[in-house]
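Engineer: This structure is in C-alpha cells; I'll ask about it shortly.
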Amino acid sequence: MRAFLILHGWDNFRPPGHWQHELATALHRRGERVVYPQLPDAAHPEVEAWRTAAAAALDEAAAGGARVTVIAHSLAATLWLGGRPDDAGAGSGVDRVLLVAPPSPGFLRDNAEVAAFADLPLSRPAAETRVVASDADPCCPEGAATIVAEPLGIPLTTIPGAGHFTIASGYGEWPSVLDWGLDPTATIVAR
C-alpha cells in the first residue's frame, strides 16, 4: 500500500489552483491515500509546531504499513531537511521525498516570520530524495544547487523561469509531478 504526504510552505493555506492542491485532488481521484494537512499558523509558523504537525501527518499517512511519498514545497522542504519529521523511528515508512523550491537560509533570515527555520541543521533524508527548483526563485537567489543539492548530495532538477512554483508563477496543475508520484521513473518537467 502507498500513500502521499503533501506539505505546504509559508503563508500557504492550501488554495485551490495551487499545484499541491491540484495534485492532492488528482491523487484522491485515482483512489490514492493522501494526507495534505494545513500546518499550524502558516502565516507565522513555528518550527516545533510544524515539526509536530508534520510528524503526526506522516504517522497518519504511514498507517497500516503504507509506504509514503513526501512532496514538500518551500518552507516545508526546509522543515523536512532540518526538522527531520521522518526520524521518528525506523518505521516511518518514507520511501521517496520530493523537495520543491527550498528557500535559502538568507531569505529565511530576512523574514522575521520564518527566520527560526534558517537555523535548522540541514541533512540528507534517508529516503530517496530529489530537489526541483527554478533558476529564478526569489526565495532562493543563491540557487538550490548551492544551498541544498550539492552540499547534501541530492539530485536536482532545475526548471527555467518557474519562480517559486506558486499560482502567481503559473503553477496550478503540474502533470509531471503527478506522473512522478505514480511512477518514480517519470521525469519532472515544467508545467
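Chain labels follow the order of the C-alpha cells: the first chain is A, the next B, and so on; residue numbering restarts at 1 in every chain, and ligands are counted from 1 in their shown order.
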Considering only C-alpha atoms, return as a list in words whatever protein or nucleic-acid residues lie within 8 Å of stretch 19-29 of chain A, sequence-local ones (same chain, fewer than 2 positions apart) excluded.
Structural biologist: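 Here the qualifying residues turn out to be Ile6, His8, Arg14, Pro15, Pro16, Gly17, Gly31, Glu32, Arg33, Val34, Tyr36, Phe165, Thr166, Ile167, Tyr171, Gly172, Glu173, Trp174, Val177 and Leu178 of chain A.
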Engineer: Let me see the file: selected residues, N, CA, C and O atoms, as a PDB file, in the first residue's frame.
Structural biologist:
ATOM      1  N   ILE A   6       1.630  15.487   1.523  1.00  0.00           N
ATOM      2  CA  ILE A   6       1.895  16.750   0.837  1.00  0.00           C
ATOM      3  C   ILE A   6       1.970  17.842   1.891  1.00  0.00           C
ATOM      4  O   ILE A   6       1.025  18.029   2.669  1.00  0.00           O
ATOM      5  N   HIS A   8       2.817  21.926   2.630  1.00  0.00           N
ATOM      6  CA  HIS A   8       2.871  23.256   2.007  1.00  0.00           C
ATOM      7  C   HIS A   8       3.906  24.156   2.677  1.00  0.00           C
ATOM      8  O   HIS A   8       4.496  23.803   3.699  1.00  0.00           O
ATOM      9  N   ARG A  14      -3.360  26.271   1.434  1.00  0.00           N
ATOM     10  CA  ARG A  14      -3.812  25.209   0.540  1.00  0.00           C
ATOM     11  C   ARG A  14      -4.901  25.681  -0.429  1.00  0.00           C
ATOM     12  O   ARG A  14      -5.936  25.055  -0.556  1.00  0.00           O
ATOM     13  N   PRO A  15      -4.648  26.759  -1.161  1.00  0.00           N
ATOM     14  CA  PRO A  15      -5.692  27.298  -2.033  1.00  0.00           C
ATOM     15  C   PRO A  15      -5.947  26.432  -3.263  1.00  0.00           C
ATOM     16  O   PRO A  15      -5.008  25.881  -3.846  1.00  0.00           O
ATOM     17  N   PRO A  16      -7.206  26.307  -3.657  1.00  0.00           N
ATOM     18  CA  PRO A  16      -7.489  25.656  -4.937  1.00  0.00           C
ATOM     19  C   PRO A  16      -6.727  26.392  -6.039  1.00  0.00           C
ATOM     20  O   PRO A  16      -6.580  27.606  -5.997  1.00  0.00           O
ATOM     21  N   GLY A  17      -6.224  25.634  -6.977  1.00  0.00           N
ATOM     22  CA  GLY A  17      -5.446  26.221  -8.063  1.00  0.00           C
ATOM     23  C   GLY A  17      -3.956  26.093  -7.867  1.00  0.00           C
ATOM     24  O   GLY A  17      -3.209  26.082  -8.842  1.00  0.00           O
ATOM     25  N   GLY A  31      -7.876   7.237  -6.290  1.00  0.00           N
ATOM     26  CA  GLY A  31      -8.032   6.306  -5.185  1.00  0.00           C
ATOM     27  C   GLY A  31      -6.826   6.186  -4.278  1.00  0.00           C
ATOM     28  O   GLY A  31      -6.754   5.265  -3.460  1.00  0.00           O
ATOM     29  N   GLU A  32      -5.883   7.105  -4.393  1.00  0.00           N
ATOM     30  CA  GLU A  32      -4.678   7.061  -3.557  1.00  0.00           C
ATOM     31  C   GLU A  32      -4.961   7.649  -2.175  1.00  0.00           C
ATOM     32  O   GLU A  32      -5.804   8.534  -2.021  1.00  0.00           O
ATOM     33  N   ARG A  33      -4.236   7.177  -1.182  1.00  0.00           N
ATOM     34  CA  ARG A  33      -4.315   7.768   0.161  1.00  0.00           C
ATOM     35  C   ARG A  33      -3.454   9.028   0.153  1.00  0.00           C
ATOM     36  O   ARG A  33      -2.256   8.983  -0.170  1.00  0.00           O
ATOM     37  N   VAL A  34      -4.068  10.147   0.512  1.00  0.00           N
ATOM     38  CA  VAL A  34      -3.374  11.434   0.517  1.00  0.00           C
ATOM     39  C   VAL A  34      -3.608  12.120   1.856  1.00  0.00           C
ATOM     40  O   VAL A  34      -4.745  12.244   2.310  1.00  0.00           O
ATOM     41  N   TYR A  36      -2.854  15.757   3.402  1.00  0.00           N
ATOM     42  CA  TYR A  36      -2.459  17.119   2.986  1.00  0.00           C
ATOM     43  C   TYR A  36      -2.925  18.079   4.076  1.00  0.00           C
ATOM     44  O   TYR A  36      -3.936  18.751   3.944  1.00  0.00           O
ATOM     45  N   PHE A 165       7.320  28.444  -7.900  1.00  0.00           N
ATOM     46  CA  PHE A 165       6.325  27.394  -8.132  1.00  0.00           C
ATOM     47  C   PHE A 165       5.021  27.695  -7.386  1.00  0.00           C
ATOM     48  O   PHE A 165       4.506  26.865  -6.643  1.00  0.00           O
ATOM     49  N   THR A 166       4.528  28.890  -7.582  1.00  0.00           N
ATOM     50  CA  THR A 166       3.280  29.326  -6.962  1.00  0.00           C
ATOM     51  C   THR A 166       2.225  29.541  -8.043  1.00  0.00           C
ATOM     52  O   THR A 166       2.527  29.477  -9.244  1.00  0.00           O
ATOM     53  N   ILE A 167       1.027  29.843  -7.613  1.00  0.00           N
ATOM     54  CA  ILE A 167      -0.030  30.171  -8.568  1.00  0.00           C
ATOM     55  C   ILE A 167       0.403  31.372  -9.403  1.00  0.00           C
ATOM     56  O   ILE A 167       0.233  31.382 -10.622  1.00  0.00           O
ATOM     57  N   TYR A 171       1.954  27.941 -11.591  1.00  0.00           N
ATOM     58  CA  TYR A 171       1.959  26.543 -11.192  1.00  0.00           C
ATOM     59  C   TYR A 171       0.654  26.151 -10.511  1.00  0.00           C
ATOM     60  O   TYR A 171       0.529  26.122  -9.295  1.00  0.00           O
ATOM     61  N   GLY A 172      -0.307  25.816 -11.394  1.00  0.00           N
ATOM     62  CA  GLY A 172      -1.554  25.178 -10.992  1.00  0.00           C
ATOM     63  C   GLY A 172      -1.348  23.688 -11.212  1.00  0.00           C
ATOM     64  O   GLY A 172      -0.489  23.086 -10.584  1.00  0.00           O
ATOM     65  N   GLU A 173      -2.079  23.108 -12.131  1.00  0.00           N
ATOM     66  CA  GLU A 173      -1.843  21.701 -12.428  1.00  0.00           C
ATOM     67  C   GLU A 173      -0.406  21.535 -12.914  1.00  0.00           C
ATOM     68  O   GLU A 173       0.092  22.332 -13.699  1.00  0.00           O
ATOM     69  N   TRP A 174       0.236  20.473 -12.416  1.00  0.00           N
ATOM     70  CA  TRP A 174       1.624  20.182 -12.792  1.00  0.00           C
ATOM     71  C   TRP A 174       1.692  18.685 -13.087  1.00  0.00           C
ATOM     72  O   TRP A 174       2.056  17.874 -12.230  1.00  0.00           O
ATOM     73  N   VAL A 177       4.562  16.148 -12.011  1.00  0.00           N
ATOM     74  CA  VAL A 177       4.706  15.785 -10.598  1.00  0.00           C
ATOM     75  C   VAL A 177       3.727  14.663 -10.262  1.00  0.00           C
ATOM     76  O   VAL A 177       4.065  13.726  -9.533  1.00  0.00           O
ATOM     77  N   LEU A 178       2.527  14.743 -10.805  1.00  0.00           N
ATOM     78  CA  LEU A 178       1.577  13.641 -10.639  1.00  0.00           C
ATOM     79  C   LEU A 178       2.168  12.362 -11.242  1.00  0.00           C
ATOM     80  O   LEU A 178       2.141  11.298 -10.600  1.00  0.00           O
TER      81      LEU A 178
END
Engineer: Write out as an MDAnalysis selection string which residues come within 7 Å of stretch 119-124 of chain A when counting only C-alpha atoms, dropping same-chain ones fewer than 4 positions away.
Structural biologist: chainID A and resid 81:83 152
Engineer: Export, as a PDB file, in the first residue's frame, the selected residues with all heavy atoms.
Structural biologist:
ATOM      1  N   LEU A  81      14.249  18.852   5.560  1.00  0.00           N
ATOM      2  CA  LEU A  81      15.707  18.705   5.592  1.00  0.00           C
ATOM      3  C   LEU A  81      16.302  18.957   6.975  1.00  0.00           C
ATOM      4  O   LEU A  81      17.326  18.379   7.323  1.00  0.00           O
ATOM      5  CB  LEU A  81      16.354  19.670   4.596  1.00  0.00           C
ATOM      6  CG  LEU A  81      16.178  19.329   3.126  1.00  0.00           C
ATOM      7  CD1 LEU A  81      16.641  20.497   2.264  1.00  0.00           C
ATOM      8  CD2 LEU A  81      16.928  18.052   2.770  1.00  0.00           C
ATOM      9  N   GLY A  82      15.666  19.826   7.754  1.00  0.00           N
ATOM     10  CA  GLY A  82      16.243  20.205   9.036  1.00  0.00           C
ATOM     11  C   GLY A  82      15.449  19.767  10.246  1.00  0.00           C
ATOM     12  O   GLY A  82      16.014  19.570  11.323  1.00  0.00           O
ATOM     13  N   GLY A  83      14.139  19.616  10.093  1.00  0.00           N
ATOM     14  CA  GLY A  83      13.296  19.246  11.223  1.00  0.00           C
ATOM     15  C   GLY A  83      13.162  17.751  11.403  1.00  0.00           C
ATOM     16  O   GLY A  83      12.734  17.285  12.445  1.00  0.00           O
ATOM     17  N   LEU A 152      24.373  18.514   0.096  1.00  0.00           N
ATOM     18  CA  LEU A 152      23.779  17.310   0.667  1.00  0.00           C
ATOM     19  C   LEU A 152      23.809  16.115  -0.287  1.00  0.00           C
ATOM     20  O   LEU A 152      23.365  15.028   0.076  1.00  0.00           O
ATOM     21  CB  LEU A 152      22.332  17.596   1.101  1.00  0.00           C
ATOM     22  CG  LEU A 152      22.165  18.693   2.154  1.00  0.00           C
ATOM     23  CD1 LEU A 152      20.688  18.878   2.484  1.00  0.00           C
ATOM     24  CD2 LEU A 152      22.963  18.385   3.412  1.00  0.00           C
TER      25      LEU A 152
END
Engineer: Can you pull out the residues contacting A:Glu128? Cut-off 9 Å, using only C-alpha atoms, and skip same-chain residues under 5 positions away; I want them as a VMD selection string.
Structural biologist: chain A and resid 94 to 98 154
Engineer: Go ahead and save the residues from that selection, with C-alpha atoms, as an mmCIF file, in the first residue's frame.
Structural biologist:
data_model
loop_
_atom_site.group_PDB
_atom_site.id
_atom_site.type_symbol
_atom_site.label_atom_id
_atom_site.label_comp_id
_atom_site.auth_asym_id
_atom_site.auth_seq_id
_atom_site.Cartn_x
_atom_site.Cartn_y
_atom_site.Cartn_z
ATOM 1 C CA VAL A 94 9.023 7.084 3.890
ATOM 2 C CA ASP A 95 10.117 5.743 0.507
ATOM 3 C CA ARG A 96 10.641 8.888 -1.547
ATOM 4 C CA VAL A 97 10.865 12.624 -0.943
ATOM 5 C CA LEU A 98 10.390 15.453 -3.429
ATOM 6 C CA ILE A 154 20.755 15.318 -3.561
#
Engineer: Need to verify the contact set: A:Gly65, 12 Å, only C-alpha atoms, exclusion of same-chain residues closer than 3 positions in sequence. Can you return it as a PyMOL selection string?
Structural biologist: chain A and resi 1-3+58-62+68+90-95
Engineer: One decimal, Å: what's the distance from atom CA of A:Val148 over to atom CA of A:Val131, could you say?
Structural biologist: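 One can read the atom CA of A:Val148 to atom CA of A:Val131 distance as 8.2 Å.
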Engineer: May I have all residues of chain A that DSSP, computed from the backbone, assigns to helix (DSSP H, G or I), given as a count of residues only?
Structural biologist: 73
Engineer: At a cut-off of 10 Å, using only C-alpha atoms, what residues contact A:Gly161? Leave out same-chain residues fewer than 5 positions from it and give the result as a short mmCIF file (atom, residue, chain, number, x, y, z; two decimals) with C-alpha atoms, in the first residue's frame.
Structural biologist:
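Okay, out-v3.cif is ready:
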data_model
loop_
_atom_site.label_atom_id
_atom_site.label_comp_id
_atom_site.auth_asym_id
_atom_site.auth_seq_id
_atom_site.Cartn_x
_atom_site.Cartn_y
_atom_site.Cartn_z
CA ALA A 133 13.93 24.21 -8.18
CA SER A 134 13.82 27.17 -10.51
CA ASP A 135 16.72 29.21 -11.75
CA ALA A 136 14.60 32.29 -10.98
CA ASP A 137 13.34 31.68 -7.44
CA SER A 169 4.28 31.86 -11.33
CA ALA A 190 7.87 22.45 -16.38
#
Engineer: Got a sec: who's within 9 Å of A:Ser176, counting only C-alpha atoms, leaving out chain neighbours fewer than 2 positions off, as an MDAnalysis selection string?
Structural biologist: chainID A and resid 174 178:181 186:191
Engineer: So that I have them on file, write out the residues from the current selection with N, CA and C atoms, as a short mmCIF file (atom, residue, chain, number, x, y, z; two decimals), in the first residue's frame.
Structural biologist:
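Okay, out_12.cif is ready:
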data_model
loop_
_atom_site.label_atom_id
_atom_site.label_comp_id
_atom_site.auth_asym_id
_atom_site.auth_seq_id
_atom_site.Cartn_x
_atom_site.Cartn_y
_atom_site.Cartn_z
N TRP A 174 0.24 20.47 -12.42
CA TRP A 174 1.62 20.18 -12.79
C TRP A 174 1.69 18.68 -13.09
N LEU A 178 2.53 14.74 -10.81
CA LEU A 178 1.58 13.64 -10.64
C LEU A 178 2.17 12.36 -11.24
N ASP A 179 2.72 12.46 -12.44
CA ASP A 179 3.33 11.29 -13.08
C ASP A 179 4.44 10.71 -12.21
N TRP A 180 5.31 11.57 -11.66
CA TRP A 180 6.40 11.12 -10.80
C TRP A 180 5.87 10.46 -9.53
N GLY A 181 4.82 11.03 -8.98
CA GLY A 181 4.23 10.44 -7.79
C GLY A 181 3.77 9.01 -8.02
N ALA A 186 9.36 8.53 -13.79
CA ALA A 186 8.90 9.66 -14.60
C ALA A 186 9.80 10.87 -14.39
N THR A 187 9.91 11.69 -15.41
CA THR A 187 10.74 12.89 -15.36
C THR A 187 9.87 14.08 -14.99
N ILE A 188 10.35 14.92 -14.11
CA ILE A 188 9.63 16.13 -13.74
C ILE A 188 10.09 17.26 -14.65
N VAL A 189 9.12 17.88 -15.29
CA VAL A 189 9.40 18.97 -16.23
C VAL A 189 8.50 20.16 -15.88
N ALA A 190 8.71 21.27 -16.58
CA ALA A 190 7.87 22.45 -16.38
C ALA A 190 6.42 22.09 -16.64
N ARG A 191 5.54 22.85 -16.05
CA ARG A 191 4.10 22.59 -16.20
C ARG A 191 3.70 22.65 -17.64
#
Engineer: Quote the spacing between atom CA of A:Val70 and atom CA of A:Leu7 in Å to one decimal place.
Structural biologist: 7.7 Å
Engineer: If DSSP is run on the backbone, what residues of stretch 8-163 of chain A are strand (DSSP E or B)? A reply as a VMD selection string would be ideal.
Structural biologist: chain A and resid 33 to 35 67 to 73 94 to 100 128 to 134 156 to 159
Engineer: Mind checking which residues fall within 10 Å of A:Gly106, counting only C-alpha atoms, ignoring those fewer than 3 positions away in the same chain, and posting them as a ChimeraX atom specification?
Structural biologist: /A:103,109-111,115,118,139-142,147
Engineer: Considering only C-alpha atoms, state which residue in the set A:Val114, A:Asp183, A:Pro37, A:Gly153 is at the smallest distance from A:Ala55.
Structural biologist: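 Looking at the shortest contact to A:Ala55, the residue is A:Pro37.
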Engineer: Would you please work out which residue, of A:Pro85, A:Gly64, A:Pro138, A:Pro105, is nearest to A:Glu48 when using only C-alpha atoms?
Structural biologist: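 Comparing A:Pro85, A:Gly64, A:Pro138, A:Pro105 against A:Glu48, the winner is A:Pro85.
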Engineer: Hey, can you check how far atom CA of A:Arg51 sits from atom CA of A:Ala168?
Structural biologist: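 Between atom CA of A:Arg51 and atom CA of A:Ala168 the gap works out to 27.3 Å.
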